[in-house]
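Data from entry-v6.json: JSON, C-alpha atoms
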[["chain", "number", "residue", "atom", "x", "y", "z"],
["A", 266, "MET", "CA", 65.34, 42.46, 44.10],
["A", 267, "SER", "CA", 66.65, 39.23, 45.56],
["A", 268, "VAL", "CA", 66.73, 36.04, 43.56],
["A", 269, "THR", "CA", 65.74, 32.81, 45.30],
["A", 270, "ASP", "CA", 67.61, 30.55, 42.85],
["A", 271, "PRO", "CA", 70.77, 32.22, 41.50],
["A", 272, "ILE", "CA", 71.77, 29.23, 39.34],
["A", 273, "SER", "CA", 68.44, 29.23, 37.50],
["A", 274, "ASP", "CA", 68.81, 32.99, 37.07],
["A", 275, "LEU", "CA", 72.28, 32.49, 35.54],
["A", 276, "LEU", "CA", 71.08, 29.79, 33.15],
["A", 277, "THR", "CA", 68.02, 31.80, 32.13],
["A", 278, "ARG", "CA", 70.10, 34.91, 31.44],
["A", 279, "ILE", "CA", 72.51, 32.90, 29.28],
["A", 280, "ARG", "CA", 69.60, 31.27, 27.41],
["A", 281, "ASN", "CA", 67.89, 34.64, 26.81],
["A", 282, "ALA", "CA", 71.12, 36.34, 25.69],
["A", 283, "HIS", "CA", 71.77, 33.53, 23.20],
["A", 284, "ARG", "CA", 68.26, 33.77, 21.80],
["A", 285, "ALA", "CA", 68.68, 37.53, 21.34],
["A", 286, "LEU", "CA", 72.16, 36.94, 19.82],
["A", 287, "HIS", "CA", 73.89, 39.22, 22.34],
["A", 288, "ALA", "CA", 77.68, 39.18, 22.42],
["A", 289, "ASP", "CA", 77.89, 39.44, 26.19],
["A", 290, "LEU", "CA", 75.83, 39.71, 29.35],
["A", 291, "ALA", "CA", 76.26, 41.04, 32.87],
["A", 292, "LEU", "CA", 74.69, 39.82, 36.09],
["A", 293, "PRO", "CA", 75.32, 40.00, 39.85],
["A", 294, "ALA", "CA", 78.39, 37.99, 40.78],
["A", 295, "SER", "CA", 78.89, 35.24, 43.33],
["A", 296, "LYS", "CA", 81.54, 32.58, 43.84],
["A", 297, "LEU", "CA", 79.12, 29.88, 42.70],
["A", 298, "LYS", "CA", 78.25, 31.68, 39.45],
["A", 299, "ALA", "CA", 81.93, 32.39, 38.79],
["A", 300, "SER", "CA", 82.75, 28.69, 39.30],
["A", 301, "ILE", "CA", 80.04, 27.66, 36.84],
["A", 302, "ALA", "CA", 81.29, 30.27, 34.34],
["A", 303, "ALA", "CA", 84.84, 28.93, 34.74],
["A", 304, "ILE", "CA", 83.63, 25.41, 33.88],
["A", 305, "LEU", "CA", 81.72, 26.74, 30.85],
["A", 306, "LYS", "CA", 84.88, 28.52, 29.67],
["A", 307, "ASP", "CA", 87.10, 25.46, 30.23],
["A", 308, "GLU", "CA", 84.66, 23.29, 28.27],
["A", 309, "GLY", "CA", 84.47, 25.82, 25.42],
["A", 310, "TYR", "CA", 80.84, 26.90, 25.79],
["A", 311, "ILE", "CA", 81.61, 30.58, 26.42],
["A", 312, "ALA", "CA", 84.45, 32.77, 25.16],
["A", 313, "ASP", "CA", 85.43, 34.43, 28.45],
["A", 314, "PHE", "CA", 84.17, 35.77, 31.76],
["A", 315, "ALA", "CA", 85.30, 38.36, 34.29],
["A", 316, "VAL", "CA", 84.26, 39.44, 37.78],
["A", 317, "ASN", "CA", 84.53, 43.19, 38.44],
["A", 318, "ASP", "CA", 82.87, 45.17, 41.26],
["A", 319, "ALA", "CA", 80.36, 42.43, 42.11],
["A", 320, "VAL", "CA", 79.35, 42.07, 38.44],
["A", 321, "LEU", "CA", 79.93, 38.89, 36.47],
["A", 322, "SER", "CA", 80.45, 39.61, 32.76],
["A", 323, "ILE", "CA", 80.19, 36.70, 30.33],
["A", 324, "ASN", "CA", 81.24, 36.85, 26.67],
["A", 325, "LEU", "CA", 79.15, 34.39, 24.71],
["A", 326, "LYS", "CA", 80.50, 32.21, 21.93],
["A", 327, "TYR", "CA", 78.89, 31.64, 18.52],
["A", 328, "GLN", "CA", 79.79, 29.44, 15.56],
["A", 329, "SER", "CA", 78.49, 30.44, 12.14],
["A", 330, "GLY", "CA", 76.00, 32.78, 13.82],
["A", 331, "LYS", "CA", 74.55, 30.01, 16.01],
["A", 332, "PRO", "CA", 75.15, 29.71, 19.76],
["A", 333, "LEU", "CA", 77.36, 26.86, 20.94],
["A", 334, "ILE", "CA", 74.99, 26.18, 23.83],
["A", 335, "SER", "CA", 71.85, 24.57, 22.46],
["A", 336, "GLY", "CA", 70.30, 23.67, 25.81],
["A", 337, "LEU", "CA", 70.52, 24.42, 29.52],
["A", 338, "LYS", "CA", 68.62, 22.51, 32.19],
["A", 339, "ARG", "CA", 68.49, 23.11, 35.94],
["A", 340, "VAL", "CA", 68.32, 19.68, 37.59],
["A", 341, "SER", "CA", 68.51, 20.21, 41.36],
["A", 342, "LYS", "CA", 66.12, 22.93, 42.48],
["A", 343, "PRO", "CA", 65.61, 24.64, 45.84],
["A", 344, "GLY", "CA", 62.43, 22.64, 46.42],
["A", 345, "ARG", "CA", 63.89, 19.33, 45.30],
["A", 346, "ARG", "CA", 67.59, 18.64, 45.63],
["A", 347, "ILE", "CA", 69.04, 15.87, 43.47],
["A", 348, "TYR", "CA", 72.15, 14.07, 44.72],
["A", 349, "VAL", "CA", 74.10, 11.46, 42.76],
["A", 350, "GLY", "CA", 76.99, 9.18, 43.57],
["A", 351, "ALA", "CA", 80.14, 9.08, 41.46],
["A", 352, "GLU", "CA", 78.92, 6.03, 39.53],
["A", 353, "ALA", "CA", 75.50, 7.59, 38.86],
["A", 354, "ILE", "CA", 76.66, 10.88, 37.29],
["A", 355, "PRO", "CA", 74.66, 11.11, 34.04],
["A", 356, "LYS", "CA", 76.18, 11.42, 30.59],
["A", 357, "VAL", "CA", 74.38, 14.38, 28.99],
["A", 358, "GLN", "CA", 73.22, 13.87, 25.40],
["A", 359, "ASN", "CA", 75.30, 10.65, 25.15],
["A", 360, "GLY", "CA", 78.51, 12.49, 26.02],
["A", 361, "LEU", "CA", 77.92, 15.59, 23.87],
["A", 362, "GLY", "CA", 77.04, 17.77, 26.87],
["A", 363, "ILE", "CA", 78.26, 18.29, 30.40],
["A", 364, "SER", "CA", 76.79, 18.11, 33.86],
["A", 365, "ILE", "CA", 77.89, 20.40, 36.67],
["A", 366, "LEU", "CA", 77.98, 19.16, 40.26],
["A", 367, "SER", "CA", 78.54, 20.70, 43.65],
["A", 368, "THR", "CA", 80.86, 18.27, 45.44],
["A", 369, "SER", "CA", 82.95, 18.18, 48.58],
["A", 370, "ARG", "CA", 85.87, 19.22, 46.36],
["A", 371, "GLY", "CA", 84.05, 22.25, 44.94],
["A", 372, "ILE", "CA", 82.06, 22.84, 41.77],
["A", 373, "LEU", "CA", 83.12, 20.21, 39.20],
["A", 374, "GLU", "CA", 82.22, 19.08, 35.70],
["A", 375, "GLY", "CA", 80.66, 15.59, 35.62],
["A", 376, "GLY", "CA", 83.59, 13.86, 33.92],
["A", 377, "LYS", "CA", 86.09, 15.34, 36.36],
["A", 378, "ALA", "CA", 83.92, 14.30, 39.32],
["A", 379, "ARG", "CA", 83.74, 10.76, 37.87],
["A", 380, "GLU", "CA", 87.56, 10.68, 37.58],
["A", 381, "LEU", "CA", 87.96, 11.86, 41.20],
["A", 382, "ASN", "CA", 85.28, 9.35, 42.29],
["A", 383, "VAL", "CA", 83.17, 11.97, 44.09],
["A", 384, "GLY", "CA", 79.44, 12.53, 43.90],
["A", 385, "GLY", "CA", 77.36, 15.47, 44.96],
["A", 386, "GLU", "CA", 74.44, 17.70, 44.10],
["A", 387, "LEU", "CA", 73.66, 17.67, 40.37],
["A", 388, "LEU", "CA", 73.22, 21.40, 39.67],
["A", 389, "CYS", "CA", 72.62, 21.56, 35.91],
["A", 390, "GLU", "CA", 73.14, 20.00, 32.50],
["A", 391, "ILE", "CA", 74.42, 21.88, 29.45],
["A", 392, "TRP", "CA", 74.59, 20.70, 25.85]]
Would you mind giving the structure from this file in structure tokens?
Amino acid sequence: MSVTDPISDLLTRIRNAHRALHADLALPASKLKASIAAILKDEGYIADFAVNDAVLSINLKYQSGKPLISGLKRVSKPGRRIYVGAEAIPKVQNGLGISILSTSRGILEGGKARELNVGGELLCEIW
């Protein structure tokens, strides 16, 4: 079955796995999903990820039995794309969360995109 919005599918699978307190999850891989997983790992939201045989495996991270990710929000959707300039990149939860953008320099975290002074499509927010 094909998925029309793979980013929403990724975020929903992470949200559902956290609610069920699963240690890891597996989903179909793509370069975009792997880039988002790499950002989540770099920012400390997930423990690890791996891409094997077109399957993306994500090891989730918990602290005192509670998930580190308390919220995931898809901002730009297939029916309504949201683009922001470098100066308009939002601070998520007053700096406690991150935003992920698709820029001309690849998939970047909001703070990194602000440093590089590049804007792009605001994919999602995580806190």
Subject >> Spatial neighbours of range 375-383 of chain A, max dist 9 Å, only C-alpha atoms, sep filter under 6 positions, as a list in words >> reply: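 So, after excluding close chain neighbours, the residues are Gly350, Ala351, Glu352, Ala353, Ile354, Pro355, Lys356, Ile363, Ser364, Ile365, Leu366, Thr368 and Ser369 of chain A.
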**OP:** Write out as a list in words each polymer residue whose atoms come within 9 Å of range 308-324 of chain A, counting only C-alpha atoms; drop sequence neighbours fewer than 3 positions from it.
**Re:**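 My list of contacting residues is Ile279, His287, Ala288, Asp289, Leu290, Ala291, Leu292, Pro293, Ala294, Ser295, Lys298, Ala299, Ala302, Ala303, Ile304, Leu305, Tyr327, Pro332, Leu333, Ile334, Ile363, Glu374, Ile391 and Trp392 of chain A.
Interatomic distance, CA of Gly371 in chain A against CA of Val357 in chain A: 20.2 Å.
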**OP:** Go through A:Ser335, A:Ser329, A:Ser341, A:Ser300 one by one, measure the shortest atom-to-atom distance of each to Leu373 in chain A using only C-alpha atoms, and give the residue with the smallest value.
**Re:** A:Ser300
Subject >> Long-range neighbours of range 269-275 of chain A as a PyMOL selection string, 9 Å cut-off, all atoms listed in the file, 6 positions minimum in chain >> reply: chain A and resi 292+295+297-298+301+338-339+342-343+388-389
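Computed from the coordinates, the CA of Glu390 in chain A to CA of Arg345 in chain A distance equals 15.8 Å.
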**OP:** Find the distance between CA of Ile347 in chain A and CA of Glu386 in chain A and write it in Å to one decimal.
**Re:** 5.7 Å
**OP:** For Arg280 in chain A, please output as a PyMOL selection string all residues within 8 Å (counting all atoms listed in the file; exclusion window: fewer than 4 positions along the same chain).
**Re:** chain A and resi 276+284+336-337
N, CA and C atoms for range 367-392 of chain A, written as a PDB file, in the coordinates of the input, could you do that?
ATOM      1  N   SER A 367      77.959  20.098  42.463  1.00  0.00           N
ATOM      2  CA  SER A 367      78.540  20.700  43.650  1.00  0.00           C
ATOM      3  C   SER A 367      78.993  19.549  44.531  1.00  0.00           C
ATOM      4  N   THR A 368      80.301  19.399  44.707  1.00  0.00           N
ATOM      5  CA  THR A 368      80.860  18.270  45.440  1.00  0.00           C
ATOM      6  C   THR A 368      81.601  18.758  46.669  1.00  0.00           C
ATOM      7  N   SER A 369      82.130  17.825  47.424  1.00  0.00           N
ATOM      8  CA  SER A 369      82.950  18.180  48.580  1.00  0.00           C
ATOM      9  C   SER A 369      84.280  18.790  48.152  1.00  0.00           C
ATOM     10  N   ARG A 370      84.641  18.641  46.894  1.00  0.00           N
ATOM     11  CA  ARG A 370      85.870  19.220  46.360  1.00  0.00           C
ATOM     12  C   ARG A 370      85.600  20.470  45.525  1.00  0.00           C
ATOM     13  N   GLY A 371      84.406  21.026  45.649  1.00  0.00           N
ATOM     14  CA  GLY A 371      84.050  22.250  44.940  1.00  0.00           C
ATOM     15  C   GLY A 371      83.111  21.966  43.780  1.00  0.00           C
ATOM     16  N   ILE A 372      82.922  22.962  42.941  1.00  0.00           N
ATOM     17  CA  ILE A 372      82.060  22.840  41.770  1.00  0.00           C
ATOM     18  C   ILE A 372      82.874  22.143  40.672  1.00  0.00           C
ATOM     19  N   LEU A 373      82.380  20.996  40.186  1.00  0.00           N
ATOM     20  CA  LEU A 373      83.120  20.210  39.200  1.00  0.00           C
ATOM     21  C   LEU A 373      82.241  19.830  38.017  1.00  0.00           C
ATOM     22  N   GLU A 374      82.884  19.623  36.888  1.00  0.00           N
ATOM     23  CA  GLU A 374      82.220  19.080  35.700  1.00  0.00           C
ATOM     24  C   GLU A 374      82.037  17.577  35.933  1.00  0.00           C
ATOM     25  N   GLY A 375      81.009  16.987  35.364  1.00  0.00           N
ATOM     26  CA  GLY A 375      80.660  15.590  35.620  1.00  0.00           C
ATOM     27  C   GLY A 375      81.775  14.606  35.348  1.00  0.00           C
ATOM     28  N   GLY A 376      82.489  14.765  34.254  1.00  0.00           N
ATOM     29  CA  GLY A 376      83.590  13.860  33.920  1.00  0.00           C
ATOM     30  C   GLY A 376      84.724  13.938  34.923  1.00  0.00           C
ATOM     31  N   LYS A 377      85.035  15.143  35.352  1.00  0.00           N
ATOM     32  CA  LYS A 377      86.090  15.340  36.360  1.00  0.00           C
ATOM     33  C   LYS A 377      85.683  14.722  37.690  1.00  0.00           C
ATOM     34  N   ALA A 378      84.407  14.891  38.078  1.00  0.00           N
ATOM     35  CA  ALA A 378      83.920  14.300  39.320  1.00  0.00           C
ATOM     36  C   ALA A 378      83.975  12.771  39.236  1.00  0.00           C
ATOM     37  N   ARG A 379      83.668  12.197  38.068  1.00  0.00           N
ATOM     38  CA  ARG A 379      83.740  10.760  37.870  1.00  0.00           C
ATOM     39  C   ARG A 379      85.184  10.275  38.026  1.00  0.00           C
ATOM     40  N   GLU A 380      86.148  11.042  37.460  1.00  0.00           N
ATOM     41  CA  GLU A 380      87.560  10.680  37.580  1.00  0.00           C
ATOM     42  C   GLU A 380      88.022  10.707  39.037  1.00  0.00           C
ATOM     43  N   LEU A 381      87.573  11.717  39.795  1.00  0.00           N
ATOM     44  CA  LEU A 381      87.960  11.860  41.200  1.00  0.00           C
ATOM     45  C   LEU A 381      87.144  10.950  42.120  1.00  0.00           C
ATOM     46  N   ASN A 382      86.150  10.264  41.557  1.00  0.00           N
ATOM     47  CA  ASN A 382      85.280   9.350  42.290  1.00  0.00           C
ATOM     48  C   ASN A 382      84.548  10.057  43.432  1.00  0.00           C
ATOM     49  N   VAL A 383      83.982  11.237  43.108  1.00  0.00           N
ATOM     50  CA  VAL A 383      83.170  11.970  44.090  1.00  0.00           C
ATOM     51  C   VAL A 383      81.800  12.251  43.484  1.00  0.00           C
ATOM     52  N   GLY A 384      80.790  12.178  44.305  1.00  0.00           N
ATOM     53  CA  GLY A 384      79.440  12.530  43.900  1.00  0.00           C
ATOM     54  C   GLY A 384      79.050  13.839  44.547  1.00  0.00           C
ATOM     55  N   GLY A 385      77.818  14.233  44.354  1.00  0.00           N
ATOM     56  CA  GLY A 385      77.360  15.470  44.960  1.00  0.00           C
ATOM     57  C   GLY A 385      76.009  15.880  44.421  1.00  0.00           C
ATOM     58  N   GLU A 386      75.707  17.164  44.586  1.00  0.00           N
ATOM     59  CA  GLU A 386      74.440  17.700  44.100  1.00  0.00           C
ATOM     60  C   GLU A 386      74.553  18.008  42.616  1.00  0.00           C
ATOM     61  N   LEU A 387      73.666  17.458  41.815  1.00  0.00           N
ATOM     62  CA  LEU A 387      73.660  17.670  40.370  1.00  0.00           C
ATOM     63  C   LEU A 387      72.973  18.999  40.091  1.00  0.00           C
ATOM     64  N   LEU A 388      73.763  20.055  39.827  1.00  0.00           N
ATOM     65  CA  LEU A 388      73.220  21.400  39.670  1.00  0.00           C
ATOM     66  C   LEU A 388      72.513  21.579  38.334  1.00  0.00           C
ATOM     67  N   CYS A 389      73.215  21.292  37.223  1.00  0.00           N
ATOM     68  CA  CYS A 389      72.620  21.560  35.910  1.00  0.00           C
ATOM     69  C   CYS A 389      73.270  20.701  34.839  1.00  0.00           C
ATOM     70  N   GLU A 390      72.621  20.669  33.681  1.00  0.00           N
ATOM     71  CA  GLU A 390      73.140  20.000  32.500  1.00  0.00           C
ATOM     72  C   GLU A 390      73.182  20.997  31.360  1.00  0.00           C
ATOM     73  N   ILE A 391      74.237  20.949  30.570  1.00  0.00           N
ATOM     74  CA  ILE A 391      74.420  21.880  29.450  1.00  0.00           C
ATOM     75  C   ILE A 391      74.838  21.070  28.236  1.00  0.00           C
ATOM     76  N   TRP A 392      74.221  21.367  27.104  1.00  0.00           N
ATOM     77  CA  TRP A 392      74.590  20.700  25.850  1.00  0.00           C
ATOM     78  C   TRP A 392      74.478  21.649  24.698  1.00  0.00           C
TER      79      TRP A 392
END
